[in-house]
>>> print(open('start-v4.txt').read())   # compact mmCIF, C-alpha atoms
# COMPACT_ATOMS: atom_id res chain seq x y z
CA GLY A 772 -10.08 15.22 -10.73
CA TYR A 773 -7.39 14.95 -8.06
CA LEU A 774 -5.00 17.36 -9.80
CA LYS A 775 -7.08 20.49 -9.55
CA THR A 776 -4.62 23.14 -10.72
CA PRO A 777 -1.94 23.42 -13.40
CA ALA A 778 0.63 23.59 -10.58
CA ASP A 779 -0.60 20.24 -9.21
CA ARG A 780 -0.27 18.69 -12.67
CA LEU A 781 3.19 20.21 -13.16
CA GLY A 782 4.30 18.75 -9.83
CA MET A 783 3.05 15.31 -10.85
CA LEU A 784 4.81 15.55 -14.21
CA ASP A 785 8.03 16.67 -12.52
CA GLY A 786 7.86 13.60 -10.27
CA GLN A 787 7.32 11.38 -13.31
CA ARG A 788 10.33 13.01 -15.00
CA MET A 789 12.48 12.21 -11.97
CA ARG A 790 11.33 8.58 -11.93
CA ALA A 791 12.05 8.26 -15.66
CA ALA A 792 15.55 9.68 -15.14
CA ARG A 793 16.10 7.11 -12.37
CA VAL A 794 15.20 4.30 -14.79
CA VAL A 795 17.66 5.60 -17.38
CA LEU A 796 20.36 5.94 -14.71
CA ASP A 797 19.72 2.45 -13.31
CA ILE A 798 19.84 0.75 -16.69
CA GLY A 799 22.78 2.81 -17.94
CA VAL A 800 25.00 2.25 -14.93
CA HIS A 801 24.18 -1.36 -14.11
CA LEU A 802 24.28 -2.63 -17.68
CA GLY A 803 27.35 -0.59 -18.62
CA LYS A 804 25.49 1.13 -21.43
CA PRO A 805 27.09 3.79 -23.64
CA ARG A 806 26.66 7.35 -22.41
CA LEU A 807 23.95 9.35 -24.11
CA ASP A 808 26.66 11.42 -25.82
CA GLY A 809 28.52 8.28 -26.95
CA ALA A 810 31.70 9.23 -25.04
CA GLY A 811 32.30 6.11 -22.94
CA ILE A 812 30.06 4.14 -20.62
CA TRP A 813 27.94 5.19 -17.67
CA ASP A 814 29.68 5.68 -14.33
CA ALA A 815 28.76 7.45 -11.08
CA ASP A 816 30.04 10.85 -12.23
CA TYR A 817 28.13 10.67 -15.48
CA ALA A 818 25.00 9.54 -13.62
CA LEU A 819 25.28 12.64 -11.42
CA ASP A 820 25.64 14.87 -14.49
CA VAL A 821 22.59 13.33 -16.18
CA MET A 822 20.45 13.69 -13.07
CA ARG A 823 21.59 17.28 -12.56
CA GLN A 824 20.56 18.09 -16.14
CA ASN A 825 17.21 16.31 -16.01
CA VAL A 826 15.62 16.75 -12.60
CA ASN A 827 14.56 19.78 -10.65
CA MET A 828 16.00 18.89 -7.24
CA SER A 829 18.69 20.19 -4.94
CA ASP A 830 22.19 18.87 -5.53
CA GLU A 831 22.14 17.12 -2.15
CA PHE A 832 18.98 15.24 -3.12
CA ILE A 833 20.44 14.34 -6.52
CA GLN A 834 23.58 12.96 -4.89
CA PHE A 835 21.45 10.92 -2.48
CA GLU A 836 19.34 9.56 -5.37
CA VAL A 837 22.35 8.61 -7.47
CA ASN A 838 24.02 6.84 -4.55
CA ARG A 839 20.77 5.08 -3.76
CA TYR A 840 20.36 3.73 -7.28
CA LEU A 841 24.04 2.83 -7.66
CA GLY A 842 23.55 0.45 -4.75
CA TRP A 843 20.12 -0.91 -5.68
CA PRO A 844 20.21 -2.39 -9.20
CA GLY A 845 16.85 -2.86 -10.87
CA GLN A 846 14.79 -0.94 -8.30
CA ALA A 847 13.86 1.99 -10.55
CA PRO A 848 12.65 -0.09 -13.52
CA SER A 849 10.80 -2.44 -11.15
CA TYR A 850 9.00 0.50 -9.56
CA LYS A 851 7.92 1.86 -12.95
CA VAL A 852 6.73 -1.56 -14.17
CA GLY A 853 4.67 -1.93 -10.99
CA GLN A 854 3.20 1.54 -11.41
CA ARG A 855 2.22 0.78 -14.98
CA ILE A 856 0.55 -2.52 -14.01
CA TRP A 857 -1.48 -0.73 -11.32
CA GLU A 858 -2.53 1.97 -13.78
CA GLN A 859 -3.36 -0.52 -16.55
CA THR A 860 -5.39 -2.64 -14.12
CA ARG A 861 -7.23 0.45 -12.87
CA ASP A 862 -8.01 1.57 -16.42
CA ALA A 863 -9.15 -1.92 -17.48
CA LEU A 864 -11.45 -2.15 -14.48
CA ALA A 865 -12.83 1.33 -15.18
CA MET A 866 -13.65 0.23 -18.73
CA GLN A 867 -15.18 -3.02 -17.45
CA GLU A 868 -17.36 -1.34 -14.82
CA GLY A 869 -18.19 1.81 -16.75
CA SER A 870 -20.18 4.33 -14.73
CA ASN A 871 -20.16 1.96 -11.73
CA PHE A 872 -16.39 2.31 -11.36
CA SER A 873 -15.20 3.91 -8.11
CA ILE A 874 -11.54 4.79 -7.70
CA LYS A 875 -11.96 4.57 -3.91
CA ALA A 876 -13.48 1.10 -4.15
CA PHE A 877 -10.70 0.03 -6.54
CA HIS A 878 -7.99 1.09 -4.10
CA LYS A 879 -9.75 -0.38 -1.08
CA ARG A 880 -10.24 -3.71 -2.81
CA ALA A 881 -6.63 -3.78 -4.01
CA LEU A 882 -5.15 -2.80 -0.64
CA ASP A 883 -7.39 -5.25 1.22
CA MET A 884 -5.63 -8.07 -0.64
CA GLY A 885 -2.43 -7.34 1.22
CA GLY A 886 0.97 -8.18 -0.19
CA VAL A 887 0.33 -10.13 -3.39
CA GLY A 888 2.20 -10.28 -6.68
CA LEU A 889 1.14 -7.99 -9.47
CA ASP A 890 -0.20 -10.82 -11.64
CA THR A 891 -2.36 -12.01 -8.74
CA LEU A 892 -3.51 -8.46 -8.06
CA ARG A 893 -4.49 -7.89 -11.69
CA THR A 894 -6.25 -11.25 -12.01
CA ALA A 895 -8.20 -10.81 -8.78
CA LEU A 896 -9.27 -7.24 -9.54
CA LEU A 897 -10.36 -7.97 -13.09
CA ALA A 898 -12.26 -11.17 -12.24
CA PRO A 899 -15.99 -10.79 -12.91
>>> encode(input="start-v4.txt", output="C-alpha cells")
Amino acid sequence: GYLKTPADRLGMLDGQRMRAARVVLDIGVHLGKPRLDGAGIWDADYALDVMRQNVNMSDEFIQFEVNRYLGWPGQAPSYKVGQRIWEQTRDALAMQEGSNFSIKAFHKRALDMGGVGLDTLRTALLAP
C-alpha cells in the first residue's frame, strides 16, 4: 500500500532498474566479462555506455556511479543479495504470521537487533 500511484511505482521500478544495471556493471568490469555485444571485454568506457543506455539519470550522476563501482568491487551484487534476503525474510514471516503480520513490527524488530549478519537476522526473525 505504500506505492499509492502509478508514478510512485514507476519511480520504484526505475530505482530497481538502476540497481540491476549496477550489478551488471560490477560483475562485467571486475570479472573481465565479455561485453554484451561480444566486442571485447568490459572497461570503464563501455560501463559508461551501458549505464547511459539503461538508466534514467543525468550524465554527471552516471559518471559518478560508474566511478564509484569501478572502485568498489562486489558492492552492487552484495547490496542486491542483502535486499533479497530482507524481502524473502519479510515474506516468509508474513506467511508465518498471516493476518497478525505487521510490516511496522517486522521492521522495528529487525532494526532493534542492530548490526547482525543476514543469516542471524533471518534466523532470529523467523524463530517461533
>>> atom_distance(input="start-v4.txt", atom1="atom CA of Asp820 of chain A", atom2="atom CA of Gln834 of chain A")
10.0 Å
>>> atom_distance(input="start-v4.txt", atom1="atom CA of Val795 of chain A", atom2="atom CA of Val821 of chain A")
9.2 Å
>>> closest_residue(input="start-v4.txt", among="A:Thr860, A:Asn838, A:Thr891, A:Ser829", to="Asp816 of chain A", atoms="all atoms listed in the file")
A:Asn838
>>> residues_around(input="start-v4.txt", residues="segment 877-885 of chain A", least_positions_apart="4", cutoff="8 Å", atoms="only C-alpha atoms", output="list in words")
Arg861, Phe872, Ser873, Leu892 and Leu896 of chain A
>>> atom_distance(input="start-v4.txt", atom1="atom CA of Arg839 of chain A", atom2="atom CA of Val800 of chain A")
12.3 Å
>>> closest_residue(input="start-v4.txt", among="A:Arg780, A:Lys851, A:Lys804, A:Arg823", to="Glu836 of chain A", atoms="only C-alpha atoms")
A:Arg823
>>> closest_residue(input="start-v4.txt", among="A:Gly869, A:Gly888, A:Gly842, A:Pro848", to="Arg790 of chain A", atoms="all atoms listed in the file")
A:Pro848
>>> closest_residue(input="start-v4.txt", among="A:Asp779, A:Gly853, A:Glu868, A:Arg793", to="Phe835 of chain A", atoms="only C-alpha atoms")
A:Arg793
>>> build_atoms(input="start-v4.txt", residues="segment 774-785 of chain A", atoms="all heavy atoms", output="compact mmCIF listing (two decimals), keeping the file's coordinate frame")
# COMPACT_ATOMS: atom_id res chain seq x y z
N LEU A 774 -5.92 16.27 -9.49
CA LEU A 774 -5.00 17.36 -9.80
C LEU A 774 -5.82 18.56 -10.24
O LEU A 774 -6.19 18.68 -11.39
CB LEU A 774 -4.00 16.93 -10.88
CG LEU A 774 -3.18 15.70 -10.52
CD1 LEU A 774 -2.34 15.24 -11.69
CD2 LEU A 774 -2.30 15.97 -9.30
N LYS A 775 -6.11 19.43 -9.31
CA LYS A 775 -7.08 20.49 -9.55
C LYS A 775 -6.51 21.73 -10.23
O LYS A 775 -7.24 22.51 -10.80
CB LYS A 775 -7.75 20.87 -8.23
CG LYS A 775 -8.56 19.73 -7.64
CD LYS A 775 -9.34 20.18 -6.43
CE LYS A 775 -10.07 19.10 -5.71
NZ LYS A 775 -10.73 18.09 -6.44
N THR A 776 -5.21 21.93 -10.15
CA THR A 776 -4.62 23.14 -10.72
C THR A 776 -3.47 22.76 -11.67
O THR A 776 -2.91 21.66 -11.56
CB THR A 776 -4.06 24.06 -9.63
OG1 THR A 776 -2.91 23.42 -9.03
CG2 THR A 776 -5.10 24.36 -8.55
N PRO A 777 -3.11 23.68 -12.54
CA PRO A 777 -1.94 23.42 -13.40
C PRO A 777 -0.66 23.17 -12.58
O PRO A 777 0.17 22.35 -12.97
CB PRO A 777 -1.82 24.70 -14.22
CG PRO A 777 -3.21 25.25 -14.28
CD PRO A 777 -3.80 24.91 -12.92
N ALA A 778 -0.55 23.81 -11.44
CA ALA A 778 0.63 23.59 -10.58
C ALA A 778 0.65 22.16 -10.04
O ALA A 778 1.72 21.54 -9.96
CB ALA A 778 0.64 24.59 -9.43
N ASP A 779 -0.52 21.63 -9.67
CA ASP A 779 -0.60 20.24 -9.21
C ASP A 779 -0.15 19.30 -10.32
O ASP A 779 0.62 18.37 -10.09
CB ASP A 779 -2.03 19.88 -8.80
CG ASP A 779 -2.48 20.56 -7.53
OD1 ASP A 779 -1.64 21.00 -6.74
OD2 ASP A 779 -3.72 20.66 -7.34
N ARG A 780 -0.64 19.54 -11.53
CA ARG A 780 -0.27 18.69 -12.67
C ARG A 780 1.22 18.81 -12.97
O ARG A 780 1.88 17.81 -13.24
CB ARG A 780 -1.09 19.05 -13.90
CG ARG A 780 -0.74 18.20 -15.10
CD ARG A 780 -1.86 18.15 -16.12
NE ARG A 780 -1.45 17.53 -17.36
CZ ARG A 780 -1.24 16.23 -17.53
NH1 ARG A 780 -1.42 15.40 -16.54
NH2 ARG A 780 -0.86 15.75 -18.69
N LEU A 781 1.76 20.01 -12.91
CA LEU A 781 3.19 20.21 -13.16
C LEU A 781 4.02 19.47 -12.12
O LEU A 781 5.03 18.84 -12.46
CB LEU A 781 3.52 21.70 -13.14
CG LEU A 781 4.95 22.06 -13.52
CD1 LEU A 781 5.29 21.59 -14.93
CD2 LEU A 781 5.13 23.57 -13.42
N GLY A 782 3.59 19.49 -10.88
CA GLY A 782 4.30 18.75 -9.83
C GLY A 782 4.28 17.25 -10.10
O GLY A 782 5.30 16.57 -9.93
N MET A 783 3.14 16.73 -10.53
CA MET A 783 3.05 15.31 -10.85
C MET A 783 3.97 14.96 -12.02
O MET A 783 4.70 13.98 -11.99
CB MET A 783 1.60 14.95 -11.19
CG MET A 783 1.37 13.48 -11.54
SD MET A 783 1.60 13.03 -13.28
CE MET A 783 0.38 14.03 -14.10
N LEU A 784 3.96 15.80 -13.05
CA LEU A 784 4.81 15.55 -14.21
C LEU A 784 6.29 15.64 -13.85
O LEU A 784 7.11 14.87 -14.36
CB LEU A 784 4.47 16.53 -15.34
CG LEU A 784 3.10 16.33 -15.98
CD1 LEU A 784 2.79 17.47 -16.94
CD2 LEU A 784 3.02 14.99 -16.68
N ASP A 785 6.64 16.55 -12.97
CA ASP A 785 8.03 16.67 -12.52
C ASP A 785 8.46 15.40 -11.78
O ASP A 785 9.57 14.92 -11.96
CB ASP A 785 8.20 17.91 -11.64
CG ASP A 785 9.65 18.23 -11.39
OD1 ASP A 785 10.43 18.29 -12.36
OD2 ASP A 785 10.01 18.43 -10.21
